[in-house]
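Source file: run.txt; contents: compact mmCIF, C-alpha atoms and all ligand atoms.
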```txt
# COMPACT_ATOMS: atom_id res chain seq x y z
CA MET A 1 82.07 95.77 100.08
CA GLN A 2 78.85 94.55 98.62
CA ILE A 3 77.24 91.15 98.12
CA ARG A 4 75.16 91.13 94.94
CA ASP A 5 72.02 89.08 94.33
CA ASP A 6 73.94 86.19 92.77
CA GLY A 7 76.11 86.00 95.90
CA GLN A 8 79.17 87.51 94.27
CA ILE A 9 81.25 89.77 96.48
CA TYR A 10 82.26 93.13 95.06
CA LEU A 11 84.89 95.53 96.36
CA GLU A 12 83.67 98.89 95.11
CA GLY A 13 82.61 98.03 91.54
CA VAL A 14 84.93 95.06 90.98
CA SER A 15 84.10 91.41 91.73
CA VAL A 16 86.53 89.45 93.86
CA GLU A 17 86.48 86.85 91.06
CA GLU A 18 87.85 89.38 88.62
CA LEU A 19 90.47 90.57 91.11
CA ALA A 20 91.56 87.02 91.92
CA SER A 21 91.81 86.00 88.29
CA THR A 22 93.72 89.17 87.37
CA TYR A 23 96.22 89.29 90.24
CA GLY A 24 96.10 85.84 91.83
CA THR A 25 95.63 85.03 95.52
CA PRO A 26 96.29 85.82 98.28
CA LEU A 27 95.67 89.45 97.43
CA TYR A 28 95.28 92.56 99.55
CA VAL A 29 92.70 94.96 98.08
CA TYR A 30 91.98 98.54 99.19
CA GLU A 31 88.84 100.55 98.44
CA GLU A 32 89.97 104.07 97.59
CA ASN A 33 86.62 105.71 98.15
CA ARG A 34 86.20 104.14 101.55
CA ILE A 35 89.56 105.60 102.65
CA ARG A 36 88.49 109.05 101.47
CA GLU A 37 85.09 108.75 103.21
CA ASN A 38 86.72 107.66 106.48
CA TYR A 39 89.14 110.57 106.41
CA ARG A 40 86.49 113.14 105.58
CA ARG A 41 84.04 111.84 108.18
CA ALA A 42 86.67 112.13 110.91
CA LEU A 43 88.05 115.49 109.83
CA SER A 44 84.69 117.14 109.48
CA ALA A 45 83.65 115.84 112.91
CA PHE A 46 86.74 117.34 114.55
CA ARG A 47 86.69 120.59 112.60
CA LYS A 48 83.07 121.10 113.56
CA TYR A 49 84.16 121.38 117.21
CA TYR A 50 87.70 122.68 116.74
CA PRO A 51 88.41 124.25 113.34
CA ASP A 52 92.21 124.26 113.77
CA THR A 53 92.48 120.46 113.53
CA ARG A 54 94.98 118.59 111.39
CA PHE A 55 95.48 114.85 110.86
CA PHE A 56 98.77 113.09 110.33
CA TYR A 57 98.48 109.55 108.98
CA ALA A 58 100.51 106.99 110.97
CA ILE A 59 101.96 105.36 107.90
CA LYS A 60 103.14 102.21 109.69
CA ALA A 61 99.57 100.85 109.51
CA ASN A 62 99.76 100.60 105.73
CA ASN A 63 102.78 102.05 104.00
CA ASN A 64 101.76 101.35 100.43
CA LEU A 65 102.51 104.64 98.69
CA ALA A 66 99.31 104.49 96.63
CA VAL A 67 97.30 104.33 99.85
CA ALA A 68 99.40 107.04 101.51
CA ASN A 69 99.01 109.29 98.47
CA ILE A 70 95.21 109.09 98.81
CA LEU A 71 95.53 110.46 102.34
CA ARG A 72 98.06 113.07 101.24
CA GLN A 73 95.58 114.23 98.59
CA GLU A 74 93.00 114.55 101.35
CA GLY A 75 95.42 116.82 103.26
CA ALA A 76 97.01 114.48 105.81
CA GLY A 77 100.57 114.83 107.04
CA ILE A 78 102.59 111.74 107.98
CA ASP A 79 103.50 110.29 111.34
CA ALA A 80 106.72 108.31 110.87
CA ALA A 81 107.83 105.54 113.22
CA SER A 82 111.29 105.19 111.68
CA VAL A 83 113.75 107.03 109.46
CA ASN A 84 112.64 104.92 106.51
CA GLU A 85 109.08 106.11 107.06
CA ILE A 86 110.39 109.70 106.89
CA LEU A 87 111.83 108.72 103.51
CA LEU A 88 108.47 107.26 102.47
CA ALA A 89 106.86 110.58 103.39
CA LYS A 90 109.46 112.33 101.25
CA GLU A 91 108.43 110.03 98.40
CA LEU A 92 104.94 111.53 98.81
CA GLY A 93 106.41 115.01 98.58
CA LEU A 94 105.96 115.60 102.30
CA GLY A 95 108.64 116.88 104.69
CA GLY A 96 109.26 119.67 107.20
CA GLU A 97 106.32 120.29 109.48
CA ASP A 98 104.06 117.98 107.48
CA VAL A 99 105.90 115.03 108.98
CA MET A 100 106.27 113.99 112.59
CA PHE A 101 109.00 111.57 113.65
CA SER A 102 107.64 109.51 116.55
CA GLY A 103 110.41 106.93 116.70
CA ASN A 104 111.02 104.81 119.73
CA PHE A 105 114.29 103.84 121.47
CA LEU A 106 116.24 105.55 118.70
CA SER A 107 119.84 104.88 117.77
CA ASP A 108 122.27 107.76 117.29
CA ASP A 109 121.97 107.17 113.57
CA ASP A 110 118.17 107.50 113.74
CA ILE A 111 118.55 110.74 115.68
CA ARG A 112 121.09 112.22 113.26
CA GLN A 113 119.07 111.31 110.18
CA GLY A 114 115.83 112.43 111.79
CA LEU A 115 117.32 115.80 112.62
CA GLU A 116 118.87 116.24 109.19
CA SER A 117 115.53 115.47 107.54
CA GLY A 118 114.05 118.61 109.13
CA VAL A 119 110.77 117.00 110.21
CA ILE A 120 109.08 117.54 113.57
CA PHE A 121 110.96 115.59 116.22
CA ASN A 122 108.72 113.87 118.74
CA LEU A 123 110.95 112.57 121.52
CA ASP A 124 109.93 109.55 123.53
CA ASP A 125 111.95 110.49 126.62
CA PRO A 126 114.08 113.35 128.04
CA VAL A 127 117.05 110.95 128.12
CA LEU A 128 117.22 111.39 124.34
CA LEU A 129 117.57 115.17 124.47
CA PRO A 130 121.35 115.41 125.07
CA ARG A 131 121.89 112.94 122.25
CA VAL A 132 119.78 115.09 119.91
CA LEU A 133 121.72 118.21 120.97
CA LYS A 134 124.98 116.51 119.96
CA TYR A 135 123.82 116.85 116.36
CA GLY A 136 122.01 120.17 116.58
CA THR A 137 119.17 122.03 118.26
CA PRO A 138 115.78 121.55 116.65
CA GLU A 139 113.79 124.77 116.42
CA LEU A 140 110.55 122.94 117.13
CA LEU A 141 110.38 120.00 119.51
CA SER A 142 107.64 117.75 120.81
CA PHE A 143 107.68 115.12 123.53
CA ARG A 144 105.58 112.01 123.51
CA VAL A 145 103.84 112.13 126.87
CA ASN A 146 102.77 109.00 128.71
CA PRO A 147 99.65 110.39 130.41
CA GLY A 148 99.73 107.55 132.93
CA TYR A 149 96.80 105.69 131.45
CA GLY A 150 96.24 103.64 128.31
CA GLN A 151 93.59 101.42 126.79
CA CYS A 152 93.26 99.00 123.91
CA ASP A 153 90.38 96.80 122.86
CA ILE A 154 92.80 94.13 121.63
CA GLY A 155 93.98 93.61 125.21
CA ALA A 156 96.46 95.03 127.74
CA PHE A 157 99.22 93.40 125.74
CA VAL A 158 98.89 96.05 123.04
CA CYS A 159 98.44 98.97 125.42
CA ASN A 160 100.58 102.00 124.47
CA ALA A 161 100.56 104.05 127.68
CA GLY A 162 100.34 103.70 131.43
CA PRO A 163 102.80 101.92 133.75
CA GLU A 164 103.21 98.81 131.57
CA ALA A 165 104.01 100.62 128.34
CA LYS A 166 107.45 101.24 126.88
CA PHE A 167 106.35 104.55 125.36
CA GLY A 168 106.39 108.16 126.37
CA VAL A 169 107.66 110.54 129.04
CA HIS A 170 106.60 109.63 132.59
CA PRO A 171 103.99 112.16 133.75
CA ASP A 172 106.29 113.36 136.55
CA GLN A 173 109.10 114.05 134.07
CA VAL A 174 107.11 116.12 131.56
CA LEU A 175 107.85 119.49 133.14
CA GLY A 176 111.56 118.69 133.43
CA ALA A 177 111.72 117.52 129.82
CA TYR A 178 110.37 120.82 128.45
CA LYS A 179 112.49 122.81 130.91
CA ALA A 180 115.63 121.10 129.61
CA ALA A 181 114.54 121.70 126.01
CA LYS A 182 113.88 125.37 126.71
CA GLU A 183 117.27 125.77 128.38
CA ALA A 184 118.90 124.09 125.40
CA GLY A 185 117.54 126.80 123.12
CA VAL A 186 114.46 125.15 121.64
CA LYS A 187 112.10 127.96 120.66
CA ARG A 188 108.91 126.26 119.55
CA PHE A 189 107.04 123.47 121.30
CA GLY A 190 104.48 120.79 120.64
CA ALA A 191 103.22 117.85 122.68
CA HIS A 192 102.01 114.39 121.82
CA MET A 193 100.48 111.25 123.28
CA MET A 194 99.33 107.91 121.89
CA PRO A 195 97.57 106.23 124.79
CA GLY A 196 95.32 103.71 123.08
CA SER A 197 94.39 101.76 120.02
CA SER A 198 91.12 100.69 118.43
CA ILE A 199 88.87 102.42 120.95
CA ARG A 200 85.16 102.76 120.24
CA ASP A 201 84.10 104.46 123.46
CA PRO A 202 83.82 108.26 123.04
CA GLU A 203 84.28 108.80 126.81
CA TYR A 204 87.85 107.52 126.59
CA PHE A 205 88.82 110.28 124.17
CA GLY A 206 87.64 113.02 126.50
CA TYR A 207 89.30 111.37 129.48
CA VAL A 208 92.79 111.03 127.98
CA THR A 209 92.62 114.55 126.54
CA GLY A 210 92.11 115.84 130.07
CA LEU A 211 95.20 113.96 131.24
CA ILE A 212 97.61 115.44 128.70
CA MET A 213 96.05 118.91 128.86
CA ASP A 214 96.63 119.06 132.64
CA LEU A 215 100.28 118.09 132.18
CA ILE A 216 100.80 120.56 129.35
CA GLY A 217 98.76 123.30 131.03
CA LYS A 218 100.97 123.17 134.13
CA THR A 219 104.13 122.99 132.03
CA SER A 220 103.08 126.00 129.97
CA ARG A 221 102.31 128.04 133.09
CA GLU A 222 105.44 127.05 134.94
CA LEU A 223 107.88 127.60 132.08
CA GLY A 224 106.08 130.43 130.30
CA ILE A 225 106.10 128.58 126.98
CA ASP A 226 103.37 128.25 124.39
CA PHE A 227 102.46 125.02 122.64
CA GLU A 228 101.88 125.29 118.90
CA PHE A 229 100.20 121.92 118.69
CA ILE A 230 98.99 119.15 120.91
CA ASP A 231 98.73 115.78 119.16
CA LEU A 232 96.14 113.57 120.81
CA GLY A 233 97.32 110.40 119.05
CA GLY A 234 95.44 107.83 117.01
CA GLY A 235 93.29 105.11 118.45
CA LEU A 236 89.97 105.83 116.73
CA GLY A 237 88.56 102.31 116.61
CA ILE A 238 86.67 100.18 114.15
CA PRO A 239 84.45 97.21 115.02
CA TYR A 240 86.12 93.94 114.00
CA LYS A 241 83.25 91.83 115.31
CA HIS A 242 79.88 92.40 113.70
CA GLU A 243 78.09 92.49 117.05
CA ASN A 244 80.24 95.47 118.11
CA HIS A 245 79.05 99.03 117.60
CA VAL A 246 80.90 101.56 115.47
CA LEU A 247 82.67 104.47 117.12
CA ASP A 248 80.40 107.52 117.28
CA ILE A 249 82.98 109.81 115.69
CA ASP A 250 80.95 112.94 116.29
CA ALA A 251 80.73 112.14 120.01
CA ALA A 252 84.47 111.35 120.21
CA ALA A 253 85.32 114.64 118.48
CA ALA A 254 82.90 116.55 120.71
CA LYS A 255 84.43 115.05 123.87
CA MET A 256 88.02 115.61 122.79
CA ALA A 257 87.52 119.13 121.49
CA GLY A 258 85.30 119.99 124.46
CA VAL A 259 87.96 119.05 127.02
CA PHE A 260 90.67 120.62 124.83
CA LYS A 261 88.88 124.00 124.83
CA GLN A 262 87.96 123.78 128.50
CA LYS A 263 91.61 123.17 129.49
CA ILE A 264 92.86 125.94 127.19
CA ALA A 265 90.58 128.30 129.10
CA GLU A 266 91.45 126.84 132.51
CA TYR A 267 95.22 127.27 132.00
CA GLY A 268 95.01 130.39 129.86
CA LEU A 269 96.83 128.70 126.97
CA LYS A 270 97.38 130.28 123.60
CA PRO A 271 95.10 127.96 121.59
CA PRO A 272 97.28 125.23 120.06
CA ARG A 273 96.47 123.33 116.91
CA LEU A 274 94.67 120.09 117.69
CA MET A 275 96.46 117.27 115.94
CA MET A 276 95.68 113.60 115.68
CA GLU A 277 97.42 110.78 113.92
CA PRO A 278 94.92 108.00 113.33
CA ALA A 279 95.61 105.13 111.01
CA ARG A 280 93.29 102.20 111.58
CA TYR A 281 90.24 104.46 111.30
CA PHE A 282 91.28 105.65 107.83
CA VAL A 283 92.46 102.44 106.22
CA GLY A 284 91.39 99.49 108.41
CA ASP A 285 87.92 98.82 107.03
CA ALA A 286 88.94 99.81 103.49
CA GLY A 287 91.17 96.75 103.15
CA TYR A 288 90.34 93.11 102.39
CA ILE A 289 92.30 89.97 101.66
CA ILE A 290 91.06 87.67 98.93
CA GLY A 291 92.21 84.09 99.34
CA ARG A 292 91.37 80.79 97.73
CA VAL A 293 90.34 77.52 99.33
CA HIS A 294 92.84 74.93 98.10
CA THR A 295 92.14 71.92 100.31
CA VAL A 296 89.26 70.88 102.55
CA LYS A 297 90.16 68.17 105.00
CA ASN A 298 87.86 66.09 107.21
CA SER A 299 89.82 64.80 110.18
CA TYR A 300 89.10 65.43 113.87
CA LYS A 301 87.56 68.58 112.49
CA ARG A 302 86.69 69.89 109.09
CA ILE A 303 89.47 72.27 108.15
CA ILE A 304 89.26 74.72 105.27
CA GLY A 305 92.78 75.28 103.94
CA THR A 306 93.29 78.64 102.25
CA ASP A 307 96.32 80.60 101.09
CA ILE A 308 95.74 83.18 103.88
CA GLY A 309 97.98 82.07 106.70
CA MET A 310 99.51 84.01 109.56
CA ASN A 311 102.32 84.90 107.17
CA VAL A 312 99.76 86.92 105.17
CA LEU A 313 97.70 88.20 108.14
CA ALA A 314 99.63 88.09 111.41
CA ARG A 315 97.16 89.78 113.76
CA PRO A 316 95.09 86.72 114.78
CA ALA A 317 98.16 84.64 115.68
CA LEU A 318 100.01 87.62 117.13
CA TYR A 319 97.38 88.87 119.53
CA GLY A 320 94.21 86.92 119.07
CA ALA A 321 92.63 89.52 116.82
CA TYR A 322 89.31 88.69 115.16
CA HIS A 323 88.70 89.20 111.45
CA HIS A 324 85.35 88.48 109.85
CA ILE A 325 85.38 86.12 106.87
CA TYR A 326 83.02 85.87 103.91
CA VAL A 327 82.83 83.10 101.35
CA ASN A 328 82.11 84.29 97.82
CA ARG A 329 78.76 83.05 96.39
CA ARG A 330 77.93 81.16 99.63
CA GLU A 331 76.92 83.78 102.18
CA ALA A 332 73.23 82.86 101.85
CA GLU A 333 73.91 79.19 102.66
CA GLU A 334 73.25 77.39 105.89
CA ARG A 335 76.20 77.58 108.30
CA MET A 336 78.17 75.10 110.36
CA PRO A 337 81.13 75.52 112.71
CA LEU A 338 84.25 75.33 110.56
CA ASN A 339 87.96 75.79 110.99
CA LEU A 340 90.15 77.71 108.62
CA CYS A 341 93.89 77.87 108.21
CA GLY A 342 96.76 78.86 105.97
CA GLN A 343 99.56 76.75 104.58
CA LEU A 344 102.31 77.11 107.17
CA CYS A 345 103.91 74.26 109.10
CA GLU A 346 102.92 75.77 112.42
CA ASN A 347 99.66 75.08 114.22
CA THR A 348 98.99 78.71 115.21
CA ASP A 349 98.26 79.03 111.51
CA LEU A 350 94.89 77.40 112.24
CA TRP A 351 93.57 80.86 112.99
CA VAL A 352 89.81 80.37 112.70
CA LYS A 353 88.27 77.85 115.05
CA ASP A 354 84.68 76.60 115.13
CA ARG A 355 83.29 79.62 113.40
CA PRO A 356 79.89 79.44 111.68
CA LEU A 357 80.82 79.53 108.01
CA PRO A 358 78.84 78.49 104.92
CA LYS A 359 78.40 74.73 105.04
CA GLY A 360 79.17 74.12 101.41
CA THR A 361 82.54 75.91 101.44
CA THR A 362 84.75 73.88 99.18
CA GLU A 363 87.91 73.75 97.12
CA GLY A 364 88.21 76.58 94.60
CA ASP A 365 86.00 78.99 96.58
CA LEU A 366 87.18 82.50 97.26
CA VAL A 367 87.24 83.75 100.85
CA VAL A 368 87.33 87.43 101.74
CA VAL A 369 88.83 88.63 105.02
CA GLU A 370 87.51 91.94 106.31
CA ASN A 371 89.20 94.88 108.06
CA ALA A 372 92.64 94.02 106.73
CA GLY A 373 93.66 97.50 105.59
CA ALA A 374 95.60 98.39 108.76
CA TYR A 375 98.44 96.31 110.22
CA GLY A 376 97.84 93.71 107.52
CA PHE A 377 100.33 93.66 104.67
CA GLY A 378 102.88 95.54 106.78
CA MET A 379 103.05 92.63 109.21
CA SER A 380 103.27 89.92 106.54
CA TYR A 381 106.44 87.88 106.24
CA GLN A 382 108.18 85.09 104.36
CA TYR A 383 108.17 82.20 106.83
CA ASN A 384 108.13 78.73 105.25
CA GLY A 385 109.41 80.22 102.03
CA ARG A 386 105.99 81.75 101.44
CA LEU A 387 106.07 84.99 99.48
CA LYS A 388 104.51 88.30 100.41
CA PRO A 389 101.26 88.89 98.52
CA ALA A 390 100.35 91.54 95.96
CA GLU A 391 98.25 94.61 96.78
CA ALA A 392 95.57 96.10 94.54
CA LEU A 393 93.54 99.29 94.69
CA VAL A 394 89.94 99.57 93.50
CA ASN A 395 88.19 102.80 92.58
CA GLY A 396 84.69 102.34 91.17
CA SER A 397 84.98 99.79 88.38
CA LYS A 398 88.72 100.40 87.94
CA HIS A 399 91.46 98.40 89.60
CA TYR A 400 95.21 98.79 89.82
CA LEU A 401 98.10 96.67 90.99
CA VAL A 402 99.82 98.79 93.66
CA ARG A 403 102.44 96.26 94.75
CA ARG A 404 103.41 93.15 92.86
CA ALA A 405 103.60 89.83 94.67
CA GLU A 406 107.07 88.66 95.62
CA THR A 407 108.77 86.04 93.49
CA TYR A 408 111.29 83.37 94.36
CA GLN A 409 114.02 85.83 93.33
CA ASP A 410 112.90 88.18 96.12
CA LEU A 411 113.29 85.35 98.61
CA VAL A 412 116.99 84.89 97.85
CA ALA A 413 117.91 88.39 96.67
CA LEU A 414 119.49 89.57 99.93
CA VAL A 415 121.27 86.38 100.89
CA ASN A 416 125.00 85.90 100.55
CA VAL A 417 126.69 82.51 100.92
CA PRO A 418 130.43 82.68 101.62
CA GLU A 419 132.44 80.99 98.84
CA TYR A 420 133.86 78.27 101.09
CA LEU A 421 130.36 77.01 101.94
CA LYS A 422 129.61 76.39 98.30
CA LYS A 423 132.41 73.78 97.95
C1 LIG B 1 100.53 103.28 115.28
C2 LIG B 1 100.48 104.66 115.74
C3 LIG B 1 99.35 105.44 115.52
C4 LIG B 1 98.10 104.93 114.84
O1 LIG B 1 97.31 104.21 115.69
P1 LIG B 1 95.83 103.74 115.31
O2 LIG B 1 95.38 103.04 116.53
O3 LIG B 1 95.94 102.87 114.12
O4 LIG B 1 95.03 104.96 115.03
C5 LIG B 1 99.39 106.75 115.94
N1 LIG B 1 100.49 107.26 116.54
C6 LIG B 1 101.59 106.55 116.76
C7 LIG B 1 102.76 107.18 117.42
C8 LIG B 1 101.63 105.23 116.38
O5 LIG B 1 102.73 104.52 116.61
```

Show me the file's structure as structure tokens.
Amino acid sequence: MQIRDDGQIYLEGVSVEELASTYGTPLYVYEENRIRENYRRALSAFRKYYPDTRFFYAIKANNNLAVANILRQEGAGIDAASVNEILLAKELGLGGEDVMFSGNFLSDDDIRQGLESGVIFNLDDPVLLPRVLKYGTPELLSFRVNPGYGQCDIGAFVCNAGPEAKFGVHPDQVLGAYKAAKEAGVKRFGAHMMPGSSIRDPEYFGYVTGLIMDLIGKTSRELGIDFEFIDLGGGLGIPYKHENHVLDIDAAAAKMAGVFKQKIAEYGLKPPRLMMEPARYFVGDAGYIIGRVHTVKNSYKRIIGTDIGMNVLARPALYGAYHHIYVNRREAEERMPLNLCGQLCENTDLWVKDRPLPKGTTEGDLVVVENAGAYGFGMSYQYNGRLKPAEALVNGSKHYLVRRAETYQDLVALVNVPEYLKK
């Protein structure tokens, strides 16, 4: 993103005015080159310390196939949270060991389809193993380990590991899980964890790596099995607030790879591939939402009414997430505390309170919401009969529509009214 001298906001080489007039608002926009830079920065940091590193992109963060294809071109595999995400990966031409299925609380149908798809199965608990074996024995199997500790800078509410989380194999059950898999005839093994999200402290990455490596080291020794890969999860953070520092990716990679190598030596492991499956770090800061101010109201407070409600961006209402906001052509103006909302009949939709925004912000202005590339569009919904927005991709001075906005027809397309109710 760039603010030019005349105050116009540009995403790569395209003004938000041009994007808004071409595609309408609200509009999600992704900067292709930023995604590529993010990926390359992270991969080169990790490969510097551990050459056998591979990234899988957790596609749930942004499953637009144009975005996912950018990461595929960069060399990423896919981490799928559901069977449909395995199918999305297939749409990218990825399958087999380029895809990891990290589903959670799976149904028998999920298990059967996951197994038939031939991707890497990453089981959330040993209780699932007998149900997998009903349909066949995977050659390669991974367990999602709960290392007993998790962290998240959005709050404990979003924490993915530790005693309060619903994810992963209890640390005391890890050995038993692999023992059962070995006895069932599984020949190849991997391990996985996903203990945190949006972390910007490099120390954390070294700490959690130590936790899983101790569990896997002991398991490997005890059972005499090798691990082909150990997936250290996602969680590489981005600063949502401007006063927050960026993650020192080189330091995070150095800590993780350092502990990884140290534990390989300590337990005499055959060196596994180091895998990670970040998402936010690749796409989060490459995405923006362009919205328009439709109504400014002066009541108890001055409220700026835009077309970006919690139906378009759920994170602030869902877990108090912060997203920075710019006003096109007004960033140089004097500021005053303002409130900003969307158009829903629901007061949580007043998602910006008393924030210093340009004083002159008025009807017709364009607002730009930052860091919307991850967990943005994917969490949007149709409440109040509002339609899901379009998505566009910018690359230099070129722009492309990568998902059309919904229409009224999409709102009613899946509904069926029994004949007798029409009388
Ligand atoms: C969502 C998710 C990720 C990505 O997390 P980020 O914090 O966005 O990097 C990685 N792994 C799994 C299993 C996930 O569910």

Go through stretch 213-325 of chain A residue by residue and, counting only C-alpha atoms, keep those with an atom at most 8 Å from stretch 29-46 of chain A; for each kept residue give the shortest atom pair and its distance in Å to one decimal, ordered by chain and increasing number, as a tab-separated table.
```
residue	atom	partner	partner_atom	distance
A:Ile249	CA	A:Ala42	CA	6.5
A:Asp250	CA	A:Ala45	CA	5.2
A:Ala253	CA	A:Phe46	CA	5.0
A:Ala254	CA	A:Phe46	CA	7.3
A:Ala257	CA	A:Phe46	CA	7.2
A:Tyr281	CA	A:Asn38	CA	6.8
A:Phe282	CA	A:Asn38	CA	5.2
A:Val283	CA	A:Ile35	CA	5.6
A:Asp285	CA	A:Arg34	CA	7.8
A:Ala286	CA	A:Glu31	CA	5.1
A:Gly287	CA	A:Tyr30	CA	4.4
A:Tyr288	CA	A:Val29	CA	5.3
A:Ile289	CA	A:Val29	CA	6.2
A:Ile290	CA	A:Val29	CA	7.5
```

Would you compute, for all listed atoms of ligand LIG 1 (chain B), the axis-aligned bounding box grown by 4 Å on each side, and then report its centre and edge lengths in Å rounded to one decimal, as lines of an AutoDock Vina configuration file?
```
center_x = 98.9
center_y = 105.1
center_z = 115.8
size_x = 15.7
size_y = 12.4
size_z = 11.3
```

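Residues lying within 8 Å of A:Ile78, counting only C-alpha atoms and ignoring same-chain neighbours fewer than 5 positions away, are Phe56, Tyr57, Ala58, Ile59, Ala89, Leu94, Asp98, Val99, Met100 and Glu277 of chain A.
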
Quiz item: Would you name the residues within 9 Å of ligand LIG 1 (chain B), counting all atoms listed in the file, and put them as a VMD selection string?
Solution: chain A and resid 56 to 61 79 to 81 101 to 104 144 152 160 192 to 199 232 to 237 276 to 284 374 to 375

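Around the coordinate (104.4, 108.0, 133.5), residues that reach within 7 Å when counting only C-alpha atoms are A:Asn146, A:Pro147, A:Gly148, A:Gly162, A:Pro163, A:Val169, A:His170, A:Pro171, A:Asp172.
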
Exercise. With only C-alpha atoms counted, which protein, DNA or RNA residues have an atom no more than 8 Å from (101.7, 118.4, 130.2) in the file frame? Please answer as a VMD selection string.
Key: chain A and resid 145 171 174 to 175 191 211 to 220

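With only C-alpha atoms as the atoms that count, the residue of A:Val417, A:Ile238, A:Leu128, A:Ala405 with the shortest distance to A:Ala392 is A:Ala405.
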
Self-check item: Separation of atom CA of A:Thr362 from atom CA of A:Ile3, in Å and rounded to one decimal
Solution: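 So the two atoms, atom CA of A:Thr362 and atom CA of A:Ile3, lie 18.9 Å apart.
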
Practice problem: Pick out the closest residue to A:Leu387 from this set: A:Tyr319, A:Tyr420, A:Phe189, A:Tyr408. Count all atoms listed in the file. | Solution: A:Tyr408

Practice problem: Calculate how many Å separate atom CA of A:Asn63 from atom CA of A:Trp351, rounding to one decimal. | Solution: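 The value is 24.8 Å.
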
Quiz item: Contacts of A:Pro26 at 6 Å or less, counting only C-alpha atoms, minus same-chain residues fewer than 6 places along, as a list in words?
Solution: Ile290, Gly291, Asp307 and Pro389 of chain A

Practice problem: Please identify all polymer residues within 10 Å of A:Glu17, counting only C-alpha atoms, omitting same-chain residues fewer than 6 positions from it, and present them as a PyMOL selection string. | Solution: chain A and resi 8-10+24+290+328+365-366

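For the atom pair formed by atom CA of A:Thr25 and atom CA of A:Lys297, the distance is 20.1 Å, given to one decimal.
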
Self-check item: Nearest to A:Leu27, chosen from A:Gly210, A:Arg292, A:Gln409, A:Arg315, with all atoms listed in the file counted in the distances
Solution: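 With all atoms listed in the file as the atom set, the closest residue is A:Arg292.
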
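For the residues A:Arg403, A:Arg273, A:Arg54, A:His242, ranking by smallest atom-to-atom distance to A:Asn371 using all atoms listed in the file places A:His242 first.
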
Quiz item: Near A:Lys398, within 9 Å and counting only C-alpha atoms, which residues show up once chain neighbours fewer than 5 positions away are dropped, as a ChimeraX atom specification?
Solution: /A:12-14,393

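If you measure from each of A:Ile225, A:Leu65, A:Leu338, A:Leu357 to A:Ser299 using only C-alpha atoms, the closest one turns out to be A:Leu338.
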
Exercise. Give me the residues within 7 Å of A:Glu203 as an MDAnalysis selection string, counting only C-alpha atoms and dropping any in the same chain fewer than 3 places off.
Key: chainID A and resid 206:207 255

Quiz item: Between A:Gly168, A:Pro138, A:Gly190, A:Gly114, which is the closest to A:Gly150 once you count all atoms listed in the file?
Solution: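 The closest residue to A:Gly150 is A:Gly168.
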